[in-house]
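Structure below is target_30.cif: mmCIF, C-alpha atoms.
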```cif
data_final
loop_
_atom_site.label_atom_id
_atom_site.label_comp_id
_atom_site.auth_asym_id
_atom_site.auth_seq_id
_atom_site.Cartn_x
_atom_site.Cartn_y
_atom_site.Cartn_z
CA MET A 1 23.51 -27.56 -46.77
CA SER A 2 21.05 -24.71 -47.25
CA VAL A 3 18.37 -24.75 -49.91
CA ARG A 4 17.43 -21.53 -51.65
CA PRO A 5 13.73 -20.55 -51.71
CA GLU A 6 13.61 -20.50 -55.52
CA GLU A 7 14.80 -24.13 -55.59
CA ILE A 8 11.98 -25.08 -53.24
CA ASP A 9 9.49 -23.29 -55.49
CA ARG A 10 10.75 -25.13 -58.57
CA GLY A 11 10.61 -28.47 -56.79
CA THR A 12 7.07 -27.78 -55.61
CA ALA A 13 6.05 -26.84 -59.15
CA ARG A 14 7.46 -30.09 -60.55
CA LEU A 15 5.70 -32.20 -57.92
CA SER A 16 2.39 -30.43 -58.48
CA GLY A 17 2.61 -30.67 -62.26
CA LEU A 18 2.61 -26.88 -62.66
CA PRO A 19 5.01 -25.01 -64.97
CA GLU A 20 8.27 -24.04 -63.25
CA HIS A 21 8.01 -20.47 -64.51
CA PRO A 22 4.91 -18.30 -64.79
CA VAL A 23 3.39 -18.22 -68.27
CA PRO A 24 3.91 -14.77 -69.85
CA LEU A 25 0.73 -12.92 -70.74
CA LEU A 26 2.23 -11.84 -74.07
CA ASN A 27 2.57 -15.14 -75.93
CA ILE A 28 1.68 -16.39 -79.41
CA ALA A 29 -1.58 -18.00 -78.29
CA ASN A 30 -2.88 -14.79 -76.72
CA VAL A 31 -1.65 -12.72 -79.68
CA LEU A 32 -3.73 -14.90 -82.04
CA THR A 33 -6.75 -14.50 -79.78
CA VAL A 34 -6.40 -10.70 -79.80
CA ALA A 35 -5.87 -10.78 -83.58
CA ARG A 36 -9.19 -12.58 -83.94
CA ILE A 37 -10.90 -9.78 -82.04
CA VAL A 38 -9.23 -7.17 -84.27
CA LEU A 39 -10.47 -8.98 -87.41
CA VAL A 40 -14.11 -8.71 -86.33
CA PRO A 41 -14.68 -5.06 -87.40
CA LEU A 42 -12.82 -5.71 -90.67
CA PHE A 43 -15.17 -8.60 -91.37
CA VAL A 44 -18.21 -6.43 -90.66
CA LEU A 45 -16.98 -3.70 -93.01
CA ALA A 46 -16.45 -6.21 -95.81
CA LEU A 47 -19.83 -7.86 -95.19
CA PHE A 48 -21.78 -4.60 -95.52
CA ALA A 49 -19.68 -3.08 -98.31
CA GLU A 50 -21.61 -2.08 -101.45
CA GLY A 51 -24.97 -2.76 -99.83
CA GLY A 52 -24.05 -6.17 -98.42
CA HIS A 53 -24.77 -8.27 -101.50
CA ASP A 54 -21.83 -7.51 -103.75
CA THR A 55 -20.28 -10.81 -104.84
CA ARG A 56 -16.66 -9.66 -104.56
CA TRP A 57 -17.09 -8.16 -101.11
CA ARG A 58 -19.00 -11.20 -99.85
CA VAL A 59 -16.08 -13.39 -100.90
CA ILE A 60 -13.67 -11.03 -99.11
CA ALA A 61 -15.88 -11.07 -96.02
CA ALA A 62 -15.90 -14.88 -96.06
CA ALA A 63 -12.10 -14.91 -96.40
CA VAL A 64 -11.67 -12.56 -93.42
CA PHE A 65 -14.13 -14.62 -91.41
CA GLY A 66 -12.30 -17.84 -92.33
CA LEU A 67 -8.94 -16.35 -91.32
CA ALA A 68 -10.32 -15.27 -87.97
CA ALA A 69 -11.94 -18.67 -87.41
CA ILE A 70 -8.68 -20.48 -88.18
CA THR A 71 -6.87 -18.56 -85.45
CA ASP A 72 -9.32 -20.09 -82.98
CA ARG A 73 -7.96 -23.55 -83.77
CA PHE A 74 -4.29 -22.61 -83.65
CA ASP A 75 -4.29 -20.48 -80.50
CA GLY A 76 -5.75 -23.32 -78.45
CA GLN A 77 -3.38 -25.92 -79.89
CA LEU A 78 -0.33 -23.73 -79.30
CA ALA A 79 -1.42 -22.89 -75.76
CA ARG A 80 -1.80 -26.56 -74.82
CA LYS A 81 1.28 -27.83 -76.70
CA TYR A 82 3.72 -25.27 -75.34
CA GLY A 83 2.19 -24.69 -71.93
CA LEU A 84 0.96 -21.20 -72.74
CA VAL A 85 -2.43 -21.54 -71.06
CA THR A 86 -3.32 -18.41 -69.07
CA ASP A 87 -6.44 -17.23 -67.30
CA PHE A 88 -6.55 -14.35 -69.79
CA GLY A 89 -6.57 -16.84 -72.66
CA LYS A 90 -9.26 -18.95 -71.05
CA LEU A 91 -11.51 -15.91 -70.81
CA ALA A 92 -10.48 -14.01 -73.96
CA ASP A 93 -10.68 -17.01 -76.29
CA PRO A 94 -14.42 -17.64 -75.87
CA ILE A 95 -15.09 -13.89 -75.87
CA ALA A 96 -13.27 -13.58 -79.20
CA ASP A 97 -15.32 -16.47 -80.58
CA LYS A 98 -18.56 -14.88 -79.47
CA ALA A 99 -17.63 -11.48 -80.92
CA LEU A 100 -16.85 -13.03 -84.30
CA ILE A 101 -19.87 -15.34 -84.41
CA GLY A 102 -22.22 -12.67 -83.04
CA ALA A 103 -21.11 -10.07 -85.58
CA ALA A 104 -21.61 -12.55 -88.42
CA LEU A 105 -25.04 -13.69 -87.27
CA ILE A 106 -26.34 -10.18 -86.67
CA GLY A 107 -24.90 -9.00 -89.97
CA LEU A 108 -26.54 -11.84 -91.91
CA SER A 109 -29.88 -11.19 -90.20
CA VAL A 110 -29.71 -7.47 -90.95
CA LEU A 111 -29.08 -8.32 -94.59
CA GLY A 112 -32.04 -10.70 -94.60
CA ASP A 113 -29.93 -13.83 -95.18
CA LEU A 114 -30.64 -15.47 -91.81
CA PRO A 115 -33.81 -15.63 -89.68
CA TRP A 116 -33.60 -13.39 -86.64
CA TRP A 117 -34.79 -16.15 -84.28
CA ILE A 118 -31.60 -18.13 -84.98
CA THR A 119 -29.46 -15.09 -84.24
CA LEU A 120 -31.35 -14.36 -81.02
CA VAL A 121 -31.08 -17.95 -79.76
CA ILE A 122 -27.35 -18.25 -80.45
CA CYS A 123 -26.39 -14.74 -79.32
CA GLY A 124 -28.57 -15.00 -76.23
CA ARG A 125 -26.86 -18.23 -75.24
CA GLU A 126 -23.38 -16.81 -75.89
CA LEU A 127 -24.08 -13.64 -73.90
CA GLY A 128 -25.54 -15.63 -71.04
CA ILE A 129 -22.56 -18.00 -70.87
CA THR A 130 -20.10 -15.10 -71.02
CA LEU A 131 -21.84 -13.38 -68.09
CA LEU A 132 -21.91 -16.70 -66.24
CA ARG A 133 -18.15 -17.08 -66.70
CA LEU A 134 -17.58 -13.59 -65.30
CA VAL A 135 -19.81 -14.31 -62.30
CA VAL A 136 -17.94 -17.48 -61.29
CA VAL A 137 -14.43 -16.27 -62.25
CA ARG A 138 -13.67 -15.43 -58.60
CA ARG A 139 -14.19 -19.05 -57.66
CA GLY A 140 -12.69 -20.66 -60.75
CA VAL A 141 -12.34 -20.42 -64.53
CA ILE A 142 -14.45 -22.54 -66.86
CA PRO A 143 -12.32 -23.39 -69.91
CA ALA A 144 -13.87 -23.98 -73.31
CA GLY A 145 -14.75 -27.66 -73.60
CA ARG A 146 -14.83 -30.01 -76.58
CA GLY A 147 -18.56 -29.57 -77.00
CA GLY A 148 -18.15 -25.83 -77.18
CA LYS A 149 -15.37 -26.17 -79.75
CA LEU A 150 -17.53 -28.46 -81.89
CA LYS A 151 -20.40 -26.00 -81.65
CA THR A 152 -18.12 -23.15 -82.72
CA LEU A 153 -16.76 -25.21 -85.62
CA VAL A 154 -20.24 -26.04 -86.94
CA GLN A 155 -21.33 -22.43 -86.52
CA SER A 156 -18.24 -21.21 -88.37
CA VAL A 157 -18.70 -23.53 -91.34
CA ALA A 158 -22.41 -22.70 -91.57
CA ILE A 159 -21.73 -18.96 -91.41
CA ALA A 160 -18.98 -19.20 -94.03
CA LEU A 161 -21.38 -20.94 -96.43
CA LEU A 162 -24.06 -18.32 -95.78
CA VAL A 163 -21.66 -15.40 -96.19
CA LEU A 164 -20.39 -16.70 -99.52
CA PRO A 165 -22.59 -15.72 -102.50
CA LEU A 166 -23.85 -19.28 -102.98
CA SER A 167 -27.19 -20.68 -104.07
CA GLY A 168 -28.94 -24.00 -104.52
CA ALA A 169 -27.57 -27.03 -102.66
CA PHE A 170 -24.71 -25.08 -101.07
CA ALA A 171 -27.05 -22.49 -99.58
CA THR A 172 -29.32 -25.31 -98.33
CA ALA A 173 -26.32 -27.07 -96.77
CA GLY A 174 -25.45 -23.84 -94.97
CA MET A 175 -28.91 -23.59 -93.45
CA MET A 176 -28.93 -27.26 -92.43
CA LEU A 177 -25.61 -26.80 -90.67
CA MET A 178 -26.98 -23.69 -89.00
CA TYR A 179 -29.91 -25.68 -87.60
CA LEU A 180 -27.41 -28.23 -86.25
CA ALA A 181 -25.43 -25.35 -84.75
CA VAL A 182 -28.55 -24.11 -82.95
CA ALA A 183 -29.06 -27.57 -81.42
CA LEU A 184 -25.42 -27.77 -80.29
CA THR A 185 -25.67 -24.23 -78.93
CA VAL A 186 -28.54 -25.17 -76.62
CA ILE A 187 -27.00 -28.49 -75.51
CA THR A 188 -23.56 -27.05 -74.73
CA GLY A 189 -25.19 -24.09 -73.01
CA LEU A 190 -26.90 -26.39 -70.54
CA ASP A 191 -23.59 -28.21 -70.01
CA TYR A 192 -21.81 -24.93 -69.17
CA VAL A 193 -24.50 -24.07 -66.64
CA GLY A 194 -23.80 -27.38 -64.93
CA GLN A 195 -20.05 -26.71 -64.94
CA ALA A 196 -20.56 -23.24 -63.52
CA ALA A 197 -22.68 -24.65 -60.68
CA ARG A 198 -19.94 -27.17 -59.82
CA VAL A 199 -17.21 -24.51 -59.93
CA TRP A 200 -19.27 -22.20 -57.73
CA VAL A 201 -19.93 -24.88 -55.13
CA ALA A 202 -16.33 -26.11 -55.15
CA GLY A 203 -14.99 -22.56 -54.87
CA GLY A 204 -17.28 -21.79 -51.97
CA ARG A 205 -16.23 -24.97 -50.18
CA ALA A 206 -12.53 -24.13 -50.69
CA ARG A 207 -13.07 -20.64 -49.24
CA ASN A 208 -14.81 -22.03 -46.18
CA GLU A 209 -12.02 -24.54 -45.60
CA SER A 210 -9.34 -21.83 -45.90
CA ARG A 211 -11.12 -19.72 -43.28
CA ALA A 212 -11.50 -22.64 -40.88
#
```

Taking this structure as input, can you express it in the form of structure tokens?
Amino acid sequence: MSVRPEEIDRGTARLSGLPEHPVPLLNIANVLTVARIVLVPLFVLALFAEGGHDTRWRVIAAAVFGLAAITDRFDGQLARKYGLVTDFGKLADPIADKALIGAALIGLSVLGDLPWWITLVICGRELGITLLRLVVVRRGVIPAGRGGKLKTLVQSVAIALLVLPLSGAFATAGMMLMYLAVALTVITGLDYVGQAARVWVAGGRARNESRA
């Protein structure tokens, strides 16, 4: 009895734990990630509307930022639950996060609501990690880890509090969370550097073995 090639491929996929069919690039998880990127300029427009300190527009900006931040939680959950993880998603998801967080931090600093040193530390780390991902992508993809997700969550909550027209204890809580976010940013950044080094070494070893 002959066995068709496609049956062999499906059997190999089941044994290896891989999905039997390729994951489509256009799926709900990736759509949410792209939507988050699209919301970034809308957030910036709302943040700077009427001079940047209009109460109504600051509330709108916080709402847009919150909506964009929520998509970060759902796209990852949907991708893992329904097997929609793609290399595009692994790369685009952290880039979308960095675009949103970076726009918010820079905007708040321009408006004088956040010290520039915090913005430079966080944005510098995010830019460096993004470039690092692109450098090692030929040898492997570094997915966003739990530490990175926690860092993004703390950053998002802190930014939301600072974007809202709050004062007193709430404004203080926002700054305290922002200091915590800076600490997590540095710690997770060092962790990503270690991961990148391991991926680079492992990828190089795999290439050498394939040529042997």

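Restricting the calculation to all atoms listed in the file, the smallest distance between Asp93 in chain A and any of A:Ala158, A:Ala202, A:Leu164, A:Leu32 is found for A:Leu32.
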
Residues within 10 Å of Met175 in chain A, please, as a PyMOL selection string. Count all atoms listed in the file; anything in the same chain fewer than 6 positions from it doesn't count. chain A and resi 113-114+158-159+161-162+169+181

Out of A:Thr172, A:Leu111, A:Gly128, A:Leu166, which residue has the shortest atom-to-atom distance to Gly51 in chain A when counting all atoms listed in the file?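 The shortest atom-to-atom distance to Gly51 in chain A comes from A:Leu111.
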
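If you look at CA of Thr119 in chain A and CA of Glu50 in chain A, they are 23.0 Å away from each other.
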
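Closest approach to Leu108 in chain A among A:Arg36, A:Arg58, A:Arg73, A:Arg198: A:Arg58, based on all atoms listed in the file.
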
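If you measure from each of A:Ala173, A:Cys123, A:Val137, A:Val193 to Ala160 in chain A using only C-alpha atoms, the closest one turns out to be A:Ala173.
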
Separation of CA of Thr33 in chain A from CA of Val110 in chain A in Å: 26.5 Å

Output check: residues returned by the PyMOL selection byres ((chain A and resi 64-67) around 8), as a VMD selection string: chain A and resid 39 to 40 42 to 43 60 to 63 68 to 71 100 156 160
